[in-house]
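J.: This is the structure I have questions about; it appears just below.
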Amino acid sequence: MTDVLVVLKVFPDSDEIDLDKLAEEISKRLPTGYTVVRKDTEPIAFGLKALVLYVQMPEQTEGGTDVLEEKASEIEGVSHAEVVGLTRLGF
């Protein structure tokens, strides 16, 4: 079984949200086998930035990436989260 790399874009409620703390909280709530391997920020508009997380997870996961989006969206300070990319790791 191989893993996939998911690019998850997390949109905060406001520009006052600490994106580093938000990334830590999301990382803590990930299911077993999920790992944040990289984090970036991306400007949206008017000083607001989105958090972009690169998450490695098992390929054969029940529910696919929906679980990841749901876990991130449940956190206080998150407006919503969406998967914007997915690639298979290994052969």
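The way I read the labels, and the way they are meant: chains A, B, ... in the order of the structure tokens, residue 1 as the first residue of every chain, and ligand 1 as the first ligand shown, with later ones counted on from there.
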Please list as a ChimeraX atom specification every residue within 8 Å of Asp3 (chain A), counting only C-alpha atoms and excluding residues in the same chain fewer than 4 positions away.
T.: /A:56-59,88-90
J.: Quick one: residues within 9 Å of Ser14 (chain A), only C-alpha atoms counted, chain neighbours fewer than 4 positions away excluded, as a list in words?
T.: Leu48, Lys49, Gly77, Val78 and Ser79 of chain A
J.: Run DSSP on the backbone of this structure and report the residues of chain A it assigns to alpha helix (DSSP H), as a list in words.
T.: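 The alpha helix (DSSP H) subset of chain A is Leu19, Asp20, Lys21, Leu22, Ala23, Glu24, Glu25, Ile26, Ser27, Lys28, Arg29, Asp66, Val67, Leu68, Glu69, Glu70, Lys71, Ala72 and Ser73 of chain A.
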J.: Output the selection as a PDB file, in the first residue's frame - C-alpha atoms for each residue.
T.:
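Okay, selection-v2.pdb is ready:
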ATOM      1  CA  LEU A  19      -1.793  30.393  11.245  1.00  0.00           C
ATOM      2  CA  ASP A  20       1.095  28.629  13.032  1.00  0.00           C
ATOM      3  CA  LYS A  21      -1.152  27.739  15.978  1.00  0.00           C
ATOM      4  CA  LEU A  22      -3.872  26.719  13.561  1.00  0.00           C
ATOM      5  CA  ALA A  23      -1.459  24.362  11.771  1.00  0.00           C
ATOM      6  CA  GLU A  24      -0.441  22.836  15.121  1.00  0.00           C
ATOM      7  CA  GLU A  25      -4.065  22.269  16.109  1.00  0.00           C
ATOM      8  CA  ILE A  26      -4.905  20.620  12.797  1.00  0.00           C
ATOM      9  CA  SER A  27      -1.813  18.426  13.049  1.00  0.00           C
ATOM     10  CA  LYS A  28      -2.851  17.265  16.547  1.00  0.00           C
ATOM     11  CA  ARG A  29      -6.334  16.267  15.365  1.00  0.00           C
ATOM     12  CA  ASP A  66     -13.416  14.085   3.212  1.00  0.00           C
ATOM     13  CA  VAL A  67     -12.209  13.154   6.699  1.00  0.00           C
ATOM     14  CA  LEU A  68      -9.285  15.540   6.350  1.00  0.00           C
ATOM     15  CA  GLU A  69     -11.518  18.438   5.241  1.00  0.00           C
ATOM     16  CA  GLU A  70     -13.986  17.746   8.054  1.00  0.00           C
ATOM     17  CA  LYS A  71     -11.316  17.603  10.783  1.00  0.00           C
ATOM     18  CA  ALA A  72      -9.807  20.911   9.656  1.00  0.00           C
ATOM     19  CA  SER A  73     -13.180  22.640   9.263  1.00  0.00           C
TER      20      SER A  73
END
J.: Of the candidates A:Val4, A:Glu62, A:Ile17, A:Val52, which shows the shortest atom-to-atom distance to Tyr34 (chain A), using only C-alpha atoms?
T.: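 Checking each of A:Val4, A:Glu62, A:Ile17, A:Val52 against Tyr34 (chain A), counting only C-alpha atoms, the winner is A:Val4.
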J.: Using only C-alpha atoms, which of the listed residues (A:Ile44, A:Asp15, A:Thr87, A:Thr61) sits closest to Thr32 (chain A)?
T.: A:Thr61
J.: So that I can check the surroundings of Val37 (chain A), please list as a list in words every protein, DNA and RNA residue that reaches within 9 Å of it, counting only C-alpha atoms and ignoring chain neighbours fewer than 5 positions away.
T.: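 Counting only C-alpha atoms, the residues come to Leu5, Leu53, Tyr54, Val55 and Gln56 of chain A.
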J.: Could you please determine the separation between CA of Thr41 (chain A) and CA of Val7 (chain A) in Å, to one decimal place?
T.: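 Calculated distance between CA of Thr41 (chain A) and CA of Val7 (chain A) is 12.0 Å.
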J.: A:Leu51, A:Leu30, A:Val10, A:Val36: which is nearest Ala81 (chain A), counting only C-alpha atoms?
T.: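 Under the stated criterion, the closest residue is A:Val10.
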